[in-house]
>>> print(open('input_23.txt').read())   # compact mmCIF, C-alpha atoms
# COMPACT_ATOMS: atom_id res chain seq x y z
CA MET Y 1 135.48 92.76 101.12
CA ARG Y 2 133.24 91.86 104.05
CA ALA Y 3 129.61 91.73 105.03
CA ALA Y 4 128.11 94.70 106.83
CA ALA Y 5 128.85 94.78 110.54
CA ASP Y 6 125.41 93.51 111.56
CA SER Y 7 125.59 90.45 109.25
CA THR Y 8 127.18 87.05 109.84
CA PRO Y 9 129.08 86.01 106.69
CA PRO Y 10 127.91 82.70 105.23
CA PRO Y 11 130.43 79.85 105.01
CA ALA Y 12 132.66 79.83 101.95
CA ILE Y 13 132.26 77.11 99.34
CA PRO Y 14 134.74 76.17 96.60
CA LEU Y 15 134.07 76.87 92.94
CA ASN Y 16 136.80 75.75 90.53
CA GLY Y 17 139.42 76.76 93.08
CA ALA Y 18 137.83 80.08 94.05
CA GLU Y 19 136.28 80.59 97.47
CA ILE Y 20 132.83 82.10 97.13
CA LEU Y 21 129.87 82.95 99.34
CA LEU Y 22 126.17 82.60 98.59
CA ASP Y 23 123.99 85.51 99.59
CA PRO Y 24 120.47 84.41 100.68
CA LEU Y 25 118.92 86.92 98.26
CA GLY Y 26 120.44 84.93 95.40
CA ALA Y 27 123.77 86.60 94.56
CA LEU Y 28 127.23 85.07 94.29
CA VAL Y 29 129.90 86.85 96.34
CA TRP Y 30 133.63 86.47 95.58
CA PRO Y 31 135.46 88.22 98.41
CA ALA Y 32 138.97 87.82 96.95
CA GLU Y 33 137.92 89.83 93.88
CA HIS Y 34 135.53 92.17 95.72
CA LEU Y 35 132.90 90.97 93.27
CA VAL Y 36 129.17 90.28 93.34
CA ALA Y 37 127.27 88.51 90.55
CA MET Y 38 123.50 88.38 90.22
CA SER Y 39 121.33 87.01 87.45
CA ASP Y 40 118.05 87.38 85.60
CA LEU Y 41 116.65 90.59 87.04
CA HIS Y 42 114.01 90.73 84.26
CA LEU Y 43 113.36 94.42 84.91
CA GLU Y 44 110.05 95.65 83.49
CA LYS Y 45 108.58 92.18 83.08
CA GLY Y 46 105.30 93.49 84.48
CA SER Y 47 105.06 96.27 81.92
CA SER Y 48 106.02 93.86 79.15
CA PHE Y 49 103.13 91.58 80.04
CA ALA Y 50 100.78 94.56 80.32
CA ARG Y 51 101.58 95.56 76.75
CA ARG Y 52 100.30 92.15 75.68
CA GLY Y 53 97.11 92.48 77.71
CA GLN Y 54 98.13 90.42 80.75
CA MET Y 55 97.93 92.82 83.65
CA LEU Y 56 100.38 92.29 86.53
CA PRO Y 57 101.06 94.62 89.47
CA PRO Y 58 103.63 97.10 88.11
CA TYR Y 59 106.00 96.89 91.08
CA ASP Y 60 108.44 94.18 90.01
CA THR Y 61 111.23 96.53 88.94
CA GLU Y 62 111.24 98.43 92.23
CA ASP Y 63 111.12 95.18 94.20
CA THR Y 64 113.98 93.68 92.21
CA LEU Y 65 116.12 96.79 92.54
CA ALA Y 66 115.47 96.80 96.27
CA ARG Y 67 116.94 93.29 96.46
CA ALA Y 68 119.95 94.37 94.43
CA GLU Y 69 120.44 97.35 96.75
CA GLN Y 70 120.41 95.06 99.78
CA VAL Y 71 123.09 92.84 98.26
CA ILE Y 72 125.29 95.82 97.33
CA ALA Y 73 124.89 97.40 100.77
CA ARG Y 74 125.75 94.13 102.48
CA TRP Y 75 128.94 93.41 100.52
CA ARG Y 76 130.10 96.79 99.13
CA PRO Y 77 131.76 95.23 96.06
CA ARG Y 78 134.13 96.90 93.63
CA ILE Y 79 132.74 94.85 90.72
CA VAL Y 80 129.13 93.91 90.01
CA ILE Y 81 128.21 91.54 87.17
CA ALA Y 82 124.60 91.14 86.05
CA LEU Y 83 124.44 87.81 84.23
CA GLY Y 84 121.97 88.65 81.48
CA ASP Y 85 118.22 88.98 81.08
CA SER Y 86 118.54 92.05 83.25
CA LEU Y 87 115.76 93.54 81.11
CA HIS Y 88 112.75 91.44 80.20
CA ASP Y 89 112.75 92.66 76.60
CA ARG Y 90 114.72 94.85 74.22
CA THR Y 91 112.76 98.02 75.02
CA GLY Y 92 112.59 97.53 78.78
CA ALA Y 93 115.07 100.35 79.49
CA GLU Y 94 112.76 102.81 77.74
CA ARG Y 95 109.95 101.94 80.16
CA LEU Y 96 111.98 102.36 83.35
CA GLN Y 97 110.71 105.09 85.64
CA PRO Y 98 113.01 107.94 86.76
CA SER Y 99 113.10 106.44 90.26
CA ALA Y 100 114.46 103.18 88.83
CA PHE Y 101 117.20 105.01 86.93
CA ALA Y 102 118.12 106.87 90.10
CA ARG Y 103 118.41 103.61 92.03
CA LEU Y 104 120.55 102.07 89.30
CA ARG Y 105 122.90 105.05 89.31
CA THR Y 106 123.32 104.69 93.07
CA ILE Y 107 124.02 100.96 92.73
CA GLN Y 108 126.61 101.63 90.01
CA ALA Y 109 128.34 104.56 91.73
CA SER Y 110 132.07 104.13 92.48
CA ARG Y 111 132.28 100.59 91.12
CA THR Y 112 132.60 98.67 87.88
CA PHE Y 113 129.18 97.45 86.76
CA ILE Y 114 129.06 94.93 83.90
CA TRP Y 115 125.88 93.91 82.10
CA ILE Y 116 126.19 90.51 80.41
CA ALA Y 117 124.05 90.07 77.28
CA GLY Y 118 121.13 87.67 77.71
CA ASN Y 119 118.60 86.14 75.36
CA HIS Y 120 115.96 88.69 76.44
CA ASP Y 121 118.39 91.63 76.19
CA PRO Y 122 121.09 90.68 73.66
CA ASP Y 123 122.02 94.25 72.74
CA PRO Y 124 123.51 97.01 74.91
CA ALA Y 125 121.05 99.46 76.46
CA PRO Y 126 123.05 102.69 76.83
CA LEU Y 127 120.36 104.21 79.05
CA LEU Y 128 121.42 101.83 81.83
CA GLY Y 129 125.03 102.96 81.99
CA GLY Y 130 127.82 100.61 82.98
CA GLU Y 131 129.73 98.28 80.67
CA TRP Y 132 128.34 95.55 78.38
CA ALA Y 133 129.92 92.21 77.43
CA ARG Y 134 129.02 88.78 76.07
CA GLU Y 135 130.99 87.09 78.83
CA VAL Y 136 133.73 87.98 81.27
CA THR Y 137 136.57 85.83 82.63
CA ILE Y 138 138.20 86.82 85.91
CA GLY Y 139 140.76 84.42 87.30
CA ALA Y 140 139.26 80.94 87.67
CA LEU Y 141 135.68 81.95 86.81
CA THR Y 142 133.90 82.81 83.56
CA PHE Y 143 130.63 84.72 83.80
CA ARG Y 144 128.07 84.27 81.01
CA HIS Y 145 124.30 84.15 80.62
CA GLU Y 146 123.50 80.73 79.20
CA PRO Y 147 125.35 77.71 80.56
CA SER Y 148 127.19 75.72 77.95
CA ARG Y 149 126.01 72.21 77.12
CA THR Y 150 129.46 70.76 77.82
CA ALA Y 151 131.10 70.67 81.23
CA GLN Y 152 132.85 74.01 81.64
CA ALA Y 153 135.00 74.29 84.74
CA GLY Y 154 134.66 77.71 86.32
CA GLU Y 155 131.47 78.66 84.50
CA VAL Y 156 129.04 80.94 86.35
CA ALA Y 157 125.76 81.30 84.48
CA GLY Y 158 122.08 82.11 84.88
CA HIS Y 159 119.25 81.71 82.36
CA LEU Y 160 117.68 78.54 83.83
CA HIS Y 161 116.35 80.04 87.10
CA PRO Y 162 117.02 76.95 89.27
CA SER Y 163 114.66 76.09 92.11
CA ALA Y 164 114.38 73.16 94.50
CA ARG Y 165 111.37 71.44 96.00
CA LEU Y 166 111.08 69.54 99.28
CA VAL Y 167 108.31 68.25 101.50
CA VAL Y 168 108.83 69.15 105.16
CA ARG Y 169 106.32 67.95 107.77
CA GLY Y 170 103.82 67.24 105.05
CA ARG Y 171 104.15 70.67 103.48
CA SER Y 172 105.60 71.23 100.02
CA ILE Y 173 108.30 73.92 99.95
CA ARG Y 174 109.71 75.31 96.72
CA ARG Y 175 112.50 77.90 96.76
CA LYS Y 176 114.91 79.41 94.32
CA CYS Y 177 118.38 77.93 94.64
CA PHE Y 178 121.95 77.89 93.42
CA ALA Y 179 122.93 74.72 91.54
CA THR Y 180 126.59 73.63 91.64
CA ASP Y 181 128.97 70.70 91.60
CA GLU Y 182 131.79 72.98 92.83
CA ARG Y 183 133.17 73.15 89.28
CA ARG Y 184 130.44 75.25 87.72
CA MET Y 185 127.36 77.06 89.02
CA VAL Y 186 123.96 78.27 87.87
CA LEU Y 187 122.55 81.22 89.81
CA PRO Y 188 118.92 81.71 90.78
CA ALA Y 189 116.94 84.55 89.25
CA LEU Y 190 116.93 87.76 91.30
CA GLY Y 191 113.89 89.15 89.48
CA ALA Y 192 110.67 89.48 91.45
CA TYR Y 193 108.60 87.96 88.62
CA ALA Y 194 111.17 85.41 87.47
CA GLY Y 195 110.04 81.84 88.03
CA GLY Y 196 112.13 78.77 88.63
CA LEU Y 197 113.07 75.52 86.86
CA ASN Y 198 113.26 72.45 89.08
CA VAL Y 199 116.85 71.25 89.62
CA ARG Y 200 115.69 67.74 88.70
CA HIS Y 201 114.73 68.92 85.22
CA PRO Y 202 117.09 67.52 82.56
CA ALA Y 203 117.89 71.02 81.29
CA LEU Y 204 119.55 71.66 84.65
CA SER Y 205 120.64 68.28 85.89
CA GLY Y 206 122.16 67.49 82.51
CA LEU Y 207 124.73 70.26 82.97
CA PHE Y 208 126.56 68.34 85.68
CA ALA Y 209 128.64 65.23 85.06
CA GLY Y 210 127.76 63.70 88.43
CA ALA Y 211 126.21 64.59 91.75
CA PHE Y 212 125.51 68.26 92.39
CA GLN Y 213 124.01 70.36 95.14
CA ALA Y 214 121.11 72.74 95.48
CA HIS Y 215 121.60 75.66 97.87
CA MET Y 216 118.05 76.81 98.65
CA LEU Y 217 117.44 80.45 99.53
CA GLY Y 218 116.21 81.08 103.05
CA ALA Y 219 115.35 84.21 105.00
CA ALA Y 220 118.86 84.65 106.42
CA ARG Y 221 121.01 81.92 104.84
CA THR Y 222 121.09 79.26 102.15
CA TYR Y 223 120.47 75.56 102.83
CA ARG Y 224 122.62 72.97 101.08
CA MET Y 225 121.26 69.60 99.99
CA GLU Y 226 122.02 67.03 97.36
CA ALA Y 227 119.98 67.74 94.25
CA ARG Y 228 119.00 64.08 94.03
CA ALA Y 229 117.27 64.45 97.41
CA CYS Y 230 115.02 67.17 96.01
CA LEU Y 231 111.63 66.34 94.54
CA SER Y 232 110.53 66.63 90.94
CA ASP Y 233 107.48 68.72 90.13
>>> encode(input="input_23.txt", output="structure tokens")
Amino acid sequence: MRAAADSTPPPAIPLNGAEILLDPLGALVWPAEHLVAMSDLHLEKGSSFARRGQMLPPYDTEDTLARAEQVIARWRPRIVIALGDSLHDRTGAERLQPSAFARLRTIQASRTFIWIAGNHDPDPAPLLGGEWAREVTIGALTFRHEPSRTAQAGEVAGHLHPSARLVVRGRSIRRKCFATDERRMVLPALGAYAGGLNVRHPALSGLFAGAFQAHMLGAARTYRMEARACLSD
């Protein structure tokens, strides 16, 4: 497994003995297993809000799928794992447009695609195709939606939408990020309308026994920093 010819692969980082890469769009890449994991797509969040009278531009699903397509094209994995909350609600699949289904079928073609159950989408949605599971363990890593409250070596989870905040040259910068202590990891949300929880928040920082790092998403790479150096909201 390798990045497309016109891309420079990011440096590998350890995760419970596995060597992984962090895609700047917010996906975990495990070259040894030809695997990509992404989290919290929240497809059809815009239409879900519209049903409750809060009108948002209805383009989030197409934008999110475009990001997923970029990741798949860059890494050409054999396995893709979506770490839950792929749909914003239980009926989200029924509101997907034909163009979205077509894009999903292309993403899933010729590879194993596993949807992990999330709190927004706990039940399988057969319309989406692929396989469904509560969690999946492959080698040293276990992929699930919600991180456990006890230290779980090898856990790869989503749910909390980590983000990091800095002040650079007097300007506040807030970006989605990966959070990891190299034993476990929480992925950022890939969804266009998915927000972020500050890495200094106890719900996130409390997952790690000691120091941990935030890998902020940039235009072409991620930027590693100690979480304790990031600012609270």
>>> closest_residue(input="input_23.txt", among="Y:Ala211, Y:Ala93, Y:Leu166, Y:Leu83", to="Lys45 in chain Y", atoms="all atoms listed in the file")
Y:Ala93
>>> residues_around(input="input_23.txt", residues="Val29 in chain Y", least_positions_apart="3", cutoff="12 Å", atoms="only C-alpha atoms", output="PyMOL selection string")
chain Y and resi 1-3+9-15+18-26+32-38+71-72+74-81+156+187
>>> atom_distance(input="input_23.txt", atom1="CA of Asp63 in chain Y", atom2="CA of Phe101 in chain Y")
13.7 Å
>>> closest_residue(input="input_23.txt", among="Y:Gly17, Y:Pro147, Y:Gly139, Y:Gly92", to="Ala125 in chain Y", atoms="only C-alpha atoms")
Y:Gly92
>>> atom_distance(input="input_23.txt", atom1="CA of Ser99 in chain Y", atom2="CA of Glu62 in chain Y")
8.5 Å
>>> atom_distance(input="input_23.txt", atom1="CA of Asp85 in chain Y", atom2="CA of His120 in chain Y")
5.2 Å
>>> closest_residue(input="input_23.txt", among="Y:Thr112, Y:Thr61, Y:Asn119, Y:Asn198", to="Gln97 in chain Y", atoms="all atoms listed in the file")
Y:Thr61
>>> closest_residue(input="input_23.txt", among="Y:Gln213, Y:Ser163, Y:Thr64, Y:Ser39", to="Trp115 in chain Y", atoms="all atoms listed in the file")
Y:Ser39
>>> closest_residue(input="input_23.txt", among="Y:Val167, Y:Ala82, Y:Ile173, Y:Ala27", to="Phe143 in chain Y", atoms="all atoms listed in the file")
Y:Ala82
>>> closest_residue(input="input_23.txt", among="Y:Arg200, Y:His161, Y:Arg183, Y:His215", to="Asp40 in chain Y", atoms="only C-alpha atoms")
Y:His161
>>> residues_around(input="input_23.txt", residues="His201 in chain Y", least_positions_apart="6", cutoff="10 Å", atoms="all atoms listed in the file", output="VMD selection string")
chain Y and resid 162 to 163 232 to 233
